[in-house]
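Q: I'd like to ask some things about the structure below.
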Protein chains: 2
Amino acid sequence: MDIASAHVKGYLVEHTANTPQQLRRANMATILAVLRRSGAANGTDLIDATGLARATVIAVCDDLIKAGWVQELPAQKPSTGVQKGRPARVFEFDARAGFVVGLDIGMAKTTAVVADLKGAILAKNTVAFAAMGVRADSPAPRFTVIDQAICAALADAGAVPGEVLAAGVGIAAPVDRAGNIPSGQPMWKTFDTGIKDELQRRHGWPVLMGNDANLAALAEAWMGVGAGVQDLAVMLAGERIGFGLMESGRLLRGARGRAGEVGSLELLDGVGTPDGIARLARDLGAQTETAELTQFPSAEQVFDAAARGDAAAAKILTTIAVRLGRVIAVVATFTDPELVVIGGAVAASSAVLLEALEAELANFLPSPPRVAVSPLGDSIVSLGAVRLALDHVQEHVLELVPGGGGMRGRNSRQME
Amino acid sequence: MDIASAHVKGYLVEHTANTPQQLRRANMATILAVLRRSGAANGTDLIDATGLARATVIAVCDDLIKAGWVQELPAQKPSTGVQKGRPARVFEFDARAGFVVGLDIGMAKTTAVVADLKGAILAKNTVAFAAMGVRADSPAPRFTVIDQAICAALADAGAVPGEVLAAGVGIAAPVDRAGNIPSGQPMWKTFDTGIKDELQRRHGWPVLMGNDANLAALAEAWMGVGAGVQDLAVMLAGERIGFGLMESGRLLRGARGRAGEVGSLELLDGVGTPDGIARLARDLGAQTETAELTQFPSAEQVFDAAARGDAAAAKILTTIAVRLGRVIAVVATFTDPELVVIGGAVAASSAVLLEALEAELANFLPSPPRVAVSPLGDSIVSLGAVRLALDHVQEHVLELVPGGGGMRGRNSRQME
DNA sequence: AATATTATATTTAGAACGTAAATTTATGTT
DNA sequence: AACATAAATTTACGTTCTAAATATAATATT
């Protein structure tokens with residue numbers, strides 16, 4: 001073994017003993033990471049980025065090409081000035097050396113997203129369980145629907161299942177660090193706890209599970225308004241409030257995967273329940289005197305009415321803003337984020353809440369965090385699932401075989 | 001440069017390019033870490049722990065001996081069985097290759113603790129500012145008092161200032177990841193923000209700043225009831241409530257160092273203020289009809305009276321337990337710790353609160369965390385400061401010179 | 001006392017890696 | 001065609017780790 005780890009009075013110490021071979025692997029990982037984000041690079045670029053000598057950089061790149069992670073591009077004309085000297089070899093991380101799948105498995109529907117290894121979103125597919133005649137409480141046929149969403153998205157992306165290197169899955173239940181669901185909601189329990197193994201069995205991919213709000217935070221920190229923010233709170237607030245918390249660029253999960261999960265809020269003055277924006281809008285709408293809102297009110301109707309100047313609707317929005325503001329105030333008090341993002345399907349309409357929300361925050365916090373609305377819409381969880389899968393792939397690049405590998409049909413790239 | 005780092009759409013990626021020399025350094029760090037926790041070890045032990053070959057292990061140990069971090073012990077008689085074969089060389093991390101200082105700088109007094117590099121506590125010294133005639137609002141002479149506490153503790157430990165490799169400092173103010181105090185309390189501001197530079201200037205040590213509750217968490221995770229717990233909340237609750245939060249074995253600091261800091265709690269039903277146990281006991285005691293408690297009541301008097309069966313005092317304790325329980329319930333809801341520890345000077349007497357506190361927690365949480373009382377007493381912050389300094393030393397071992405080094409008097413160990 | 005046993009340290013030879021310097025290569029300019 | 005230039009490639013070398021062979025220091029056996 002080359003890893004020794006031990007608990008030292010509560011401190012987990014991990015030691016990695018190194019051999020020259022592992023040294024080369026480390027440098028491969030380094031250069032691969034540089035290439036992943038730099039589009040295309042030549043030897044000199046990589047020398048500058050890594051500090052390694054030219055001979056080493058080229059040797060590593062050749063190794064990476066042989067391994068299938070990197071492609072060599074035809075020599076480029078210099079964009080600035082004239083071509084001087086021997087043309088540089090140009091290397092590029094092969095974003096199509098594999099694919100990842102991101103799943104958002106909800107109560108009513110499942111969304112599958114396919115991305116390449118650089119995170120470019122290639123396809124997205126949503127299938128409602130109801131539309132396929134699946135009852136809410138029947139676990140087995142759900143997987144058929146989920147597979148259908150996956151396969152359609154893969155086909156759209158021009159990928160075959162064998163090329164998928166990992167899948168991330170978001171569900172509305174706590175997920176601990178090991179990827180287990182400690183104690184699911186009664187109804188979902190049998191289904192939730194089986195998702196990981198069943199998907200792994202069906203497709204043979206590594207499957208990473210994540211709580212929906214946590215994945216929303218990953219997505220937001222990746223490609224939303226939270227990009228670059230190290231300390232971030234993302235609030236999913238459609239039907240039910242839930243937070244995804246990142247501190248120092250890392251996701252907080254908690255002992256049982258419940259970090260950011262909102263249980264009862266009866267302790268919070270003027271809040272009481274963890275109801276989300278859509279639900280509050282509906283419930284409060286039903287109680288007003290505005291005729292349009294009392295009958296079959298929907299969140300959209302309330303927001304629309306407020307936009308048109310309906311006083312009752314405007315009052316509802318203020319009430320919602322006050323409630324959310326208080327919840328955010330408490331979370332921000334204890335976790336001190338730089339930015340709080342409101343995400344999910346209700347995010348777009350929530351922009352009108354921002355001002356009232358910030359006013360409420362100011363009542364309770366001396367220096368409140370910034371508040372923003374997510375641009376990722378209802379893709380936020382599936383994008384987070386993609387990010388989760390990408391993180392797994394990036395962490396295990398050199399252990400994986402690009403293009404499917406293993407028993408599955410290898411593509412021509414890696415045949416010699 | 002050999003480190004390339006860049007922001008990739010919100011993700012900080014750090015790459016370390018490696019050379020053979022860095023490889024040896026990594027193996028030195030590995031073996032040093034194994035030795036630090038294993039007391040004493042021979043070649044075979046280290047081979048098992050690291051996976052390196054015998055020749056490498058011995059060579060690395062010789063390097064470490066030459067560098068001053070490791071000592072070779074005379075061959076040991078085997079405790080079990082008889083000595084067979086050539087006796088093994090025995091290596092030991094030299095816990096006295098240097099020292100660390102932990103400081104708890106409070107409003108009224110300063111405590112200095114000196115420990116060796118294995119974390120053994122060698123000396124402790126507390127000096128009250130008042131006793132030295134220092135007014136609360138005069139920054140300058142405080143450093144004289146602090147230095148006095150440090151020097152006395154160092155002398156007690158048999159260490160000279162030149163042998164100190166780092167100092168950790170705990171203060172009752174937020175401290176961000178860079179070690180700065182973003183916005184101190186008005187009165188302390190000029191003093192607090194200057195502590196780090198002034199101590200560094202006076203002694204030449206690396207000085208690490210930490211919030212008191214955060215350091216309490218480090219201490220508890222190190223040598224308290226929280227040892228081995230990855231997700232931990234430690235509540236300092238003497239005069240004012242403050243939390244130190246650890247997730248996945250890492251301290252949470254937040255964007256401005258305010259993670260775990262309790263501001264106003266007016267949002268929390270039945271709580272309102274962040275008053276701690278001692279303060280609540282005093283305030284509530286003053287309002288009872290028990291004569292003993294109304295005049296100059298102190299926290300101890302209230303706890304004593306309750307222990308003797310005084311009904312009013314018992315009621316006060318229940319009130320306190322309910323308040324604390326509610327605060328803990330909210331923190332636990334959002335951060336999901338495995339264990340909550342009550343720490344500080346009031347910890348010992350707080351044991352009687354545990355039952356009522358757990359009952360209150362059960363009202364709000366479906367699966368509440370364990371709750372315990374810290375065994376570290378009022379040393380908790382200074383021990384955390386020691387841990388902070390030790391962590392710094394461990395992280396930078398191979399950059400430091402044991403025994404003081406640099407301009408300071410080297411000790412004989414490293415002269416050749 | 002001499003010899004075997006045994007676990008360990010040390011030496012030796014070899015392979016992999018990274019670097020610096022010299023050399024070659026491919027392009028554009030004169 | 002000769003030259004300039006920038007990059008790739010080759011060469012020689014030092015460092016590291018490993019495996020195998022050898023030496024060493026203790027005890028046990030004869």
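Please note that chains go A, B, ... in the order of the structure tokens, that every chain numbers its residues from 1, and that ligands are numbered from 1 in the order shown.
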Compile the residues of chain D that lie within 9 Å of chain A, evaluated using only C-alpha atoms (C1' of nucleotides), and express the compilation as a ChimeraX atom specification.
A: /D:4-9,16-17
Q: In Å, rounded to a single decimal, give me how far CA of Phe243 (chain B) is from CA of Val175 (chain A).
A: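 Atom-to-atom, CA of Val175 (chain A) to CA of Phe243 (chain B), that is 24.5 Å.
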Q: Would you list the contacts of Glu239 (chain A) as number ranges by chain, taking every protein, DNA or RNA residue within 9 Å and counting only C-alpha atoms (C1' of nucleotides), but skipping same-chain residues closer than 3 positions in sequence?
A: A: 236, 274-280
Q: Tell me which protein, DNA and RNA residues are within 7 Å of region 359-376 of chain A, counting only C-alpha atoms (C1' of nucleotides), leaving out same-chain ones fewer than 3 positions away, and put them as a list in words.
A: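 Result of the neighbour search: Gly224, Val225, Val322, Gly325, Arg326, Ala329, Pro337, Glu338, Leu339, Val340, Val341, Ile342, Gly343, Ala347, Ala348, Ser350, Ala351, Glu355, Ala356, Ser379 and Ile380 of chain A; Ser264 of chain B.
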Q: Any chance you could tabulate, as CSV, the residues of chain C at most 10 Å from chain B with each one's nearest atom pair and distance in Å to one decimal, using only C-alpha atoms (C1' of nucleotides), in chain and rising number order?
A:
residue,atom,partner,partner_atom,distance
C:DT5,C1',B:Gly85,CA,7.8
C:DT6,C1',B:Gly85,CA,4.3
C:DA7,C1',B:Gly85,CA,4.1
C:DT8,C1',B:Arg86,CA,5.0
C:DA9,C1',B:Ala88,CA,8.1
C:DT10,C1',B:Ala55,CA,8.3
C:DT11,C1',B:Ala55,CA,10.0
C:DC17,C1',B:Pro20,CA,7.0
C:DG18,C1',B:Thr19,CA,6.1
C:DT19,C1',B:Thr19,CA,9.4
Q: For Val169 (chain A), work out the shell of residues within 8 Å, counting only C-alpha atoms (C1' of nucleotides) and skipping chain neighbours fewer than 3 positions away, then give it as a VMD selection string.
A: chain A and resid 102 to 105 207 to 210 382 385
Q: Here is a test: counting only C-alpha atoms, which residue of B:Ile181, B:Ala167, B:Ala159, B:Ala29 is nearest to chain A?
A: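 So, comparing all the options, the nearest one is B:Ala29.
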Q: From region 201-328 of chain B, collect each residue whose DSSP state is strand (DSSP E or B) and return the set as a list in words.
A: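 Here are the strand (DSSP E or B) residues of region 201-328 of chain B: Val207, Leu208, Met209, Gly210, Asn211, Leu232, Ala233, Val234, Met235, Leu236, Ala237, Arg240, Ile241, Gly242, Phe243, Gly244, Leu245, Met246, Glu247, Arg250, Leu251, Glu261, Leu265, Leu268, Gly272 and Asp275 of chain B.
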Q: Report the distance between CA of Asp212 (chain A) and CA of Thr126 (chain A) in Å, rounded to one decimal place.
A: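 If I compute the distance from CA of Asp212 (chain A) to CA of Thr126 (chain A), I get 16.1 Å.
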Q: What are the DSSP helix (DSSP H, G or I) residues of region 121-358 of chain A, as a PyMOL selection string?
A: chain A and resi 130-132+140-157+161-163+189-203+212-223+277-286+291-294+299-307+311-335+348-358
Q: Which residues come within 8 Å of Asn125 (chain B), counting only C-alpha atoms (C1' of nucleotides), excluding same-chain residues fewer than 6 positions away, as a list in words?
A: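 These residues fall inside the cut-off: Thr111, Ala112, Val113, Ala149, Ile150, Ala152 and Ala153 of chain B.
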Q: For chain A, which of B:Ile146, B:Met223, B:Ala314, B:Ala173 is the closest residue, counting only C-alpha atoms?
A: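 Distance minimum relative to chain A lands on B:Met223.
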Q: Check the smallest atom-to-atom distance from each of B:Ile320, B:Ala311, B:Leu23, B:Ala227 to Leu354 (chain B) using only C-alpha atoms, then report the winner.
A: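 The answer is B:Ile320, which sits nearest to Leu354 (chain B).
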Q: Could you give me, as an mmCIF file with N, CA and C atoms, in the first residue's frame, the residues within 7 Å of Glu261 (chain B), counting only C-alpha atoms (C1' of nucleotides) and dropping anything in the same chain fewer than 2 positions from it?
A:
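Output file selection05.cif follows:
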data_model
loop_
_atom_site.group_PDB
_atom_site.id
_atom_site.type_symbol
_atom_site.label_atom_id
_atom_site.label_comp_id
_atom_site.auth_asym_id
_atom_site.auth_seq_id
_atom_site.Cartn_x
_atom_site.Cartn_y
_atom_site.Cartn_z
ATOM 1 N N THR A 333 -26.367 34.447 9.564
ATOM 2 C CA THR A 333 -25.773 34.693 10.877
ATOM 3 C C THR A 333 -24.783 33.596 11.231
ATOM 4 N N PHE A 334 -25.174 32.356 10.983
ATOM 5 C CA PHE A 334 -24.345 31.254 11.449
ATOM 6 C C PHE A 334 -23.295 30.798 10.440
ATOM 7 N N GLY B 242 -21.263 31.922 21.408
ATOM 8 C CA GLY B 242 -20.532 31.908 20.146
ATOM 9 C C GLY B 242 -20.245 30.463 19.783
ATOM 10 N N PHE B 243 -20.307 30.150 18.493
ATOM 11 C CA PHE B 243 -20.069 28.768 18.065
ATOM 12 C C PHE B 243 -18.777 28.665 17.268
ATOM 13 N N ARG B 258 -17.046 35.270 10.172
ATOM 14 C CA ARG B 258 -18.169 35.353 11.107
ATOM 15 C C ARG B 258 -18.929 34.043 11.259
ATOM 16 N N ALA B 259 -18.505 32.981 10.611
ATOM 17 C CA ALA B 259 -19.230 31.716 10.750
ATOM 18 C C ALA B 259 -19.278 31.319 12.219
ATOM 19 N N GLY B 263 -24.944 37.016 16.287
ATOM 20 C CA GLY B 263 -25.243 38.438 16.453
ATOM 21 C C GLY B 263 -26.491 38.553 17.301
#
Q: When distances are computed from only C-alpha atoms, which of A:Glu92, A:Asp48, A:Asp336, A:Glu358 shows the smallest separation from chain B?
A: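 Under the stated criterion, the closest residue is A:Asp336.
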Q: Which one of B:Ala237, B:Ile316, B:Ala255, B:Ala305 sits closest to chain A if you count only C-alpha atoms?
A: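 Smallest separation from chain A among the options: B:Ala255.
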